[in-house]
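Structure data (mmCIF, C-alpha atoms) from protein22.cif:
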data_coords
#
loop_
_atom_site.group_PDB
_atom_site.id
_atom_site.type_symbol
_atom_site.label_atom_id
_atom_site.label_comp_id
_atom_site.auth_asym_id
_atom_site.auth_seq_id
_atom_site.Cartn_x
_atom_site.Cartn_y
_atom_site.Cartn_z
ATOM 1 C CA MET A 4 -17.788 31.030 -57.618
ATOM 2 C CA ALA A 5 -14.247 31.472 -56.292
ATOM 3 C CA LEU A 6 -12.816 34.953 -55.791
ATOM 4 C CA LEU A 7 -9.189 36.040 -56.086
ATOM 5 C CA ASP A 8 -8.620 35.502 -52.363
ATOM 6 C CA GLY A 9 -10.035 31.958 -52.490
ATOM 7 C CA ALA A 10 -13.337 32.866 -50.850
ATOM 8 C CA THR A 11 -16.540 31.685 -52.477
ATOM 9 C CA VAL A 12 -19.516 33.822 -53.450
ATOM 10 C CA ARG A 13 -22.888 32.779 -54.722
ATOM 11 C CA LEU A 14 -24.225 34.704 -57.694
ATOM 12 C CA ARG A 15 -27.981 34.683 -58.109
ATOM 13 C CA LEU A 16 -30.813 36.741 -59.501
ATOM 14 C CA LEU A 17 -32.088 39.340 -57.066
ATOM 15 C CA ALA A 18 -35.645 38.957 -55.767
ATOM 16 C CA SER A 19 -38.089 41.153 -53.879
ATOM 17 C CA ASP A 20 -36.775 39.779 -50.552
ATOM 18 C CA ASP A 21 -33.391 41.380 -51.394
ATOM 19 C CA PHE A 22 -34.710 44.978 -51.446
ATOM 20 C CA ASP A 23 -33.431 45.892 -47.959
ATOM 21 C CA ALA A 24 -30.025 44.316 -48.644
ATOM 22 C CA VAL A 25 -29.660 46.328 -51.871
ATOM 23 C CA VAL A 26 -30.564 49.579 -50.068
ATOM 24 C CA SER A 27 -28.145 48.703 -47.246
ATOM 25 C CA LEU A 28 -25.369 48.056 -49.754
ATOM 26 C CA ALA A 29 -25.921 51.493 -51.331
ATOM 27 C CA ASP A 30 -26.109 53.144 -47.900
ATOM 28 C CA SER A 31 -22.837 51.504 -46.826
ATOM 29 C CA LEU A 32 -20.877 53.058 -49.702
ATOM 30 C CA SER A 33 -18.684 56.066 -49.086
ATOM 31 C CA ASP A 34 -19.684 59.375 -50.678
ATOM 32 C CA GLU A 35 -16.963 58.848 -53.299
ATOM 33 C CA GLU A 36 -18.160 55.304 -54.096
ATOM 34 C CA ARG A 37 -21.771 56.501 -54.438
ATOM 35 C CA TYR A 38 -20.594 59.307 -56.719
ATOM 36 C CA LEU A 39 -18.647 56.877 -58.911
ATOM 37 C CA ARG A 40 -21.665 54.541 -59.220
ATOM 38 C CA PHE A 41 -24.596 56.982 -59.300
ATOM 39 C CA PHE A 42 -22.820 60.181 -60.466
ATOM 40 C CA ALA A 43 -24.095 61.759 -57.217
ATOM 41 C CA ALA A 44 -22.710 61.492 -53.671
ATOM 42 C CA HIS A 45 -26.216 61.484 -52.184
ATOM 43 C CA PRO A 46 -28.614 60.096 -54.781
ATOM 44 C CA ALA A 47 -32.236 60.640 -53.822
ATOM 45 C CA TYR A 48 -33.443 57.626 -55.800
ATOM 46 C CA VAL A 49 -31.791 54.674 -54.013
ATOM 47 C CA ASP A 50 -35.173 53.126 -53.131
ATOM 48 C CA GLU A 51 -36.313 53.340 -56.763
ATOM 49 C CA TRP A 52 -32.990 51.859 -57.905
ATOM 50 C CA ALA A 53 -33.301 48.980 -55.421
ATOM 51 C CA SER A 54 -36.883 48.367 -56.508
ATOM 52 C CA SER A 55 -35.886 48.270 -60.180
ATOM 53 C CA LEU A 56 -33.352 45.540 -59.352
ATOM 54 C CA THR A 57 -35.512 43.426 -57.062
ATOM 55 C CA GLU A 58 -38.863 43.503 -58.861
ATOM 56 C CA PRO A 59 -38.988 41.438 -62.073
ATOM 57 C CA ARG A 60 -39.236 43.599 -65.196
ATOM 58 C CA GLU A 61 -38.880 42.811 -68.870
ATOM 59 C CA GLY A 62 -35.376 43.467 -70.179
ATOM 60 C CA ILE A 63 -33.700 43.870 -66.767
ATOM 61 C CA VAL A 64 -31.418 41.270 -65.242
ATOM 62 C CA ALA A 65 -29.975 41.929 -61.779
ATOM 63 C CA LEU A 66 -27.533 39.652 -59.977
ATOM 64 C CA GLY A 67 -26.343 39.760 -56.415
ATOM 65 C CA ALA A 68 -23.045 38.417 -55.137
ATOM 66 C CA PHE A 69 -23.585 36.837 -51.728
ATOM 67 C CA GLU A 70 -20.888 35.763 -49.309
ATOM 68 C CA GLY A 71 -22.145 33.870 -46.284
ATOM 69 C CA GLY A 72 -25.658 35.091 -47.060
ATOM 70 C CA ARG A 73 -24.585 38.764 -47.099
ATOM 71 C CA LEU A 74 -24.956 40.872 -50.245
ATOM 72 C CA ILE A 75 -21.520 42.225 -51.210
ATOM 73 C CA GLY A 76 -22.092 43.261 -54.824
ATOM 74 C CA VAL A 77 -24.756 43.967 -57.415
ATOM 75 C CA GLY A 78 -24.546 43.876 -61.186
ATOM 76 C CA ASN A 79 -27.358 44.508 -63.611
ATOM 77 C CA TYR A 80 -28.189 45.213 -67.193
ATOM 78 C CA ALA A 81 -31.208 46.866 -68.760
ATOM 79 C CA GLY A 82 -32.173 46.818 -72.414
ATOM 80 C CA GLY A 83 -30.561 49.678 -74.301
ATOM 81 C CA THR A 84 -31.944 51.971 -76.946
ATOM 82 C CA THR A 85 -30.121 50.059 -79.684
ATOM 83 C CA PRO A 86 -31.456 46.576 -80.490
ATOM 84 C CA GLY A 87 -29.100 43.876 -79.217
ATOM 85 C CA SER A 88 -27.510 46.117 -76.596
ATOM 86 C CA ALA A 89 -27.997 46.640 -72.874
ATOM 87 C CA GLU A 90 -26.619 49.101 -70.367
ATOM 88 C CA ILE A 91 -24.659 47.519 -67.535
ATOM 89 C CA ALA A 92 -23.740 48.680 -64.028
ATOM 90 C CA VAL A 93 -21.816 47.081 -61.165
ATOM 91 C CA VAL A 94 -21.318 48.125 -57.553
ATOM 92 C CA VAL A 95 -19.305 46.320 -54.877
ATOM 93 C CA ALA A 96 -19.378 46.906 -51.120
ATOM 94 C CA HIS A 97 -16.474 49.006 -49.835
ATOM 95 C CA HIS A 98 -14.553 46.302 -47.959
ATOM 96 C CA HIS A 99 -14.876 43.827 -50.826
ATOM 97 C CA HIS A 100 -13.051 45.739 -53.572
ATOM 98 C CA ASP A 101 -10.108 44.083 -55.342
ATOM 99 C CA ARG A 102 -11.385 40.555 -54.635
ATOM 100 C CA GLY A 103 -12.868 39.881 -58.089
ATOM 101 C CA VAL A 104 -16.521 40.400 -57.102
ATOM 102 C CA GLY A 105 -17.214 42.947 -59.860
ATOM 103 C CA THR A 106 -15.372 40.861 -62.437
ATOM 104 C CA ALA A 107 -17.433 37.798 -61.469
ATOM 105 C CA LEU A 108 -20.676 39.786 -61.744
ATOM 106 C CA LEU A 109 -19.770 41.228 -65.142
ATOM 107 C CA GLY A 110 -18.715 37.813 -66.442
ATOM 108 C CA GLU A 111 -21.952 36.130 -65.388
ATOM 109 C CA LEU A 112 -24.084 39.017 -66.672
ATOM 110 C CA GLY A 113 -22.277 38.799 -70.011
ATOM 111 C CA ARG A 114 -23.011 35.075 -70.277
ATOM 112 C CA ILE A 115 -26.699 35.653 -69.411
ATOM 113 C CA ALA A 116 -26.918 38.545 -71.865
ATOM 114 C CA ARG A 117 -25.456 36.445 -74.697
ATOM 115 C CA ARG A 118 -28.015 33.698 -74.028
ATOM 116 C CA ASN A 119 -30.712 36.399 -74.194
ATOM 117 C CA GLY A 120 -29.539 37.712 -77.577
ATOM 118 C CA ILE A 121 -27.655 40.759 -76.283
ATOM 119 C CA ARG A 122 -24.564 41.435 -78.407
ATOM 120 C CA HIS A 123 -23.170 44.537 -76.697
ATOM 121 C CA LEU A 124 -23.057 45.777 -73.113
ATOM 122 C CA THR A 125 -22.609 49.508 -72.732
ATOM 123 C CA ALA A 126 -21.832 51.776 -69.793
ATOM 124 C CA ASP A 127 -20.917 55.339 -68.985
ATOM 125 C CA VAL A 128 -17.992 55.233 -66.551
ATOM 126 C CA LEU A 129 -16.443 58.279 -64.929
ATOM 127 C CA ALA A 130 -12.816 58.710 -65.954
ATOM 128 C CA GLU A 131 -11.682 58.547 -62.311
ATOM 129 C CA ASN A 132 -13.518 55.265 -61.626
ATOM 130 C CA SER A 133 -10.416 53.074 -61.735
ATOM 131 C CA ALA A 134 -12.199 50.129 -60.072
ATOM 132 C CA MET A 135 -14.784 49.881 -62.869
ATOM 133 C CA HIS A 136 -12.077 50.337 -65.501
ATOM 134 C CA ARG A 137 -10.247 47.315 -63.993
ATOM 135 C CA ILE A 138 -13.446 45.237 -64.067
ATOM 136 C CA ILE A 139 -13.899 46.005 -67.767
ATOM 137 C CA VAL A 140 -10.254 45.277 -68.590
ATOM 138 C CA GLU A 141 -10.471 41.949 -66.716
ATOM 139 C CA SER A 142 -13.622 40.883 -68.558
ATOM 140 C CA PRO A 143 -13.149 38.039 -71.045
ATOM 141 C CA TRP A 144 -14.610 40.060 -73.947
ATOM 142 C CA PRO A 145 -13.088 42.752 -76.135
ATOM 143 C CA PHE A 146 -14.201 46.289 -75.402
ATOM 144 C CA THR A 147 -13.849 49.824 -76.690
ATOM 145 C CA LEU A 148 -13.624 53.058 -74.713
ATOM 146 C CA ARG A 149 -14.537 56.455 -76.075
ATOM 147 C CA ARG A 150 -13.889 59.491 -73.920
ATOM 148 C CA ASN A 151 -16.664 62.075 -73.747
ATOM 149 C CA GLY A 152 -15.495 64.778 -71.349
ATOM 150 C CA THR A 153 -15.186 63.253 -67.865
ATOM 151 C CA VAL A 154 -16.953 60.039 -68.894
ATOM 152 C CA PHE A 155 -15.791 57.004 -70.836
ATOM 153 C CA GLU A 156 -18.449 55.433 -73.032
ATOM 154 C CA VAL A 157 -17.753 51.694 -72.821
ATOM 155 C CA ASP A 158 -18.879 49.037 -75.287
ATOM 156 C CA VAL A 159 -18.244 45.385 -74.402
ATOM 157 C CA ASP A 160 -18.496 43.168 -77.486
ATOM 158 C CA LEU A 161 -20.262 39.914 -76.565
ATOM 159 C CA GLU A 162 -20.367 38.686 -80.159
ATOM 160 C CA ARG A 163 -16.861 37.303 -79.858
ATOM 161 C CA PRO A 164 -16.507 34.242 -77.635
ATOM 162 C CA ALA A 165 -15.308 34.860 -74.113
ATOM 163 C CA ALA A 166 -12.106 33.192 -72.982
ATOM 164 C CA ALA A 167 -14.098 31.047 -70.515
ATOM 165 C CA ASP A 168 -16.688 29.859 -73.096
#

I'd like the structure from this file rewritten - as structure tokens, please.
Amino acid sequence: MALLDGATVRLRLLASDDFDAVVSLADSLSDEERYLRFFAAHPAYVDEWASSLTEPREGIVALGAFEGGRLIGVGNYAGGTTPGSAEIAVVVAHHHHDRGVGTALLGELGRIARRNGIRHLTADVLAENSAMHRIIVESPWPFTLRRNGTVFEVDVDLERPAAAD
């Protein structure tokens, strides 16, 4: 898949062999980036998070974006509490922001989710997380934002066809 700068990334499902790369990606983030993704600058559960993405589980889909064999982004969804919905999250390595990696991950996850009967992707996004807000705005699907204190509750509507479909 081509990025905004013309580089190519390979998007694929994460596997158990990717555990160390996922942990390394999280460890390479700045304190601010970890806070924006995990709502904590020093989350104590990175190993559990990486395991949940790299070990197959029902209702969880996790993609990695690889450039030259190196993991530069992760996107995943997990079945939500409402039937037909799933919670989504995306994280991109520090030096790879603003290249379209997160947008590519969200787009592919949306297509996979639709094929799997998911109609809505949801997320809680900190108000100051401008990078994630851009990813949502650039997605091909309509979305709604509802502010709840310092967090935006996001709902991406997959029922309407995406521009690329």

* So which residues get picked by the PyMOL selection byres ((chain A and resi 75-81) around 8) here, written as a ChimeraX atom specification? -> /A:25,28,56,62-70,73-74,82-83,89-96,99,104-105,108-109,112,124

Given the file shown, enumerate the residues that the PyMOL selection byres ((chain A and resi 87) around 8) captures and present them as a PDB file with C-alpha atoms, in the coordinates of the input.
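Saved as part-v7.pdb:
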ATOM      1  CA  GLY A  83     -30.561  49.678 -74.301  1.00  0.00           C
ATOM      2  CA  THR A  85     -30.121  50.059 -79.684  1.00  0.00           C
ATOM      3  CA  PRO A  86     -31.456  46.576 -80.490  1.00  0.00           C
ATOM      4  CA  SER A  88     -27.510  46.117 -76.596  1.00  0.00           C
ATOM      5  CA  ALA A  89     -27.997  46.640 -72.874  1.00  0.00           C
ATOM      6  CA  GLY A 120     -29.539  37.712 -77.577  1.00  0.00           C
ATOM      7  CA  ILE A 121     -27.655  40.759 -76.283  1.00  0.00           C
ATOM      8  CA  ARG A 122     -24.564  41.435 -78.407  1.00  0.00           C
ATOM      9  CA  HIS A 123     -23.170  44.537 -76.697  1.00  0.00           C
TER      10      HIS A 123
END

So that I can see what lies close to A:Leu7, please list as a PDB file with C-alpha atoms, in the coordinates of the input the residues with an atom at most 9 Å from it, counting all atoms listed in the file and leaving out residues fewer than 6 positions away in the same chain.
ATOM      1  CA  ASP A 101     -10.108  44.083 -55.342  1.00  0.00           C
ATOM      2  CA  ARG A 102     -11.385  40.555 -54.635  1.00  0.00           C
ATOM      3  CA  GLY A 103     -12.868  39.881 -58.089  1.00  0.00           C
ATOM      4  CA  VAL A 104     -16.521  40.400 -57.102  1.00  0.00           C
TER       5      VAL A 104
END

Fewer than 3 positions away in the same chain doesn't count, so skip those; otherwise give me all residues within 6 Å of A:Leu129, counting all atoms listed in the file, as a JSON list (two decimals) with C-alpha atoms, in the frame of the given file.
[["chain", "number", "residue", "atom", "x", "y", "z"],
["A", 132, "ASN", "CA", -13.52, 55.26, -61.63],
["A", 153, "THR", "CA", -15.19, 63.25, -67.86],
["A", 154, "VAL", "CA", -16.95, 60.04, -68.89]]

Edge lengths and centre in Å to one decimal, as JSON, of the axis-aligned box that encloses all listed atoms of stretch 89-92 of chain A with 8 Å added on every side?
{"center_x": -25.9, "center_y": 47.9, "center_z": -68.5, "size_x": 20.3, "size_y": 18.5, "size_z": 24.8}
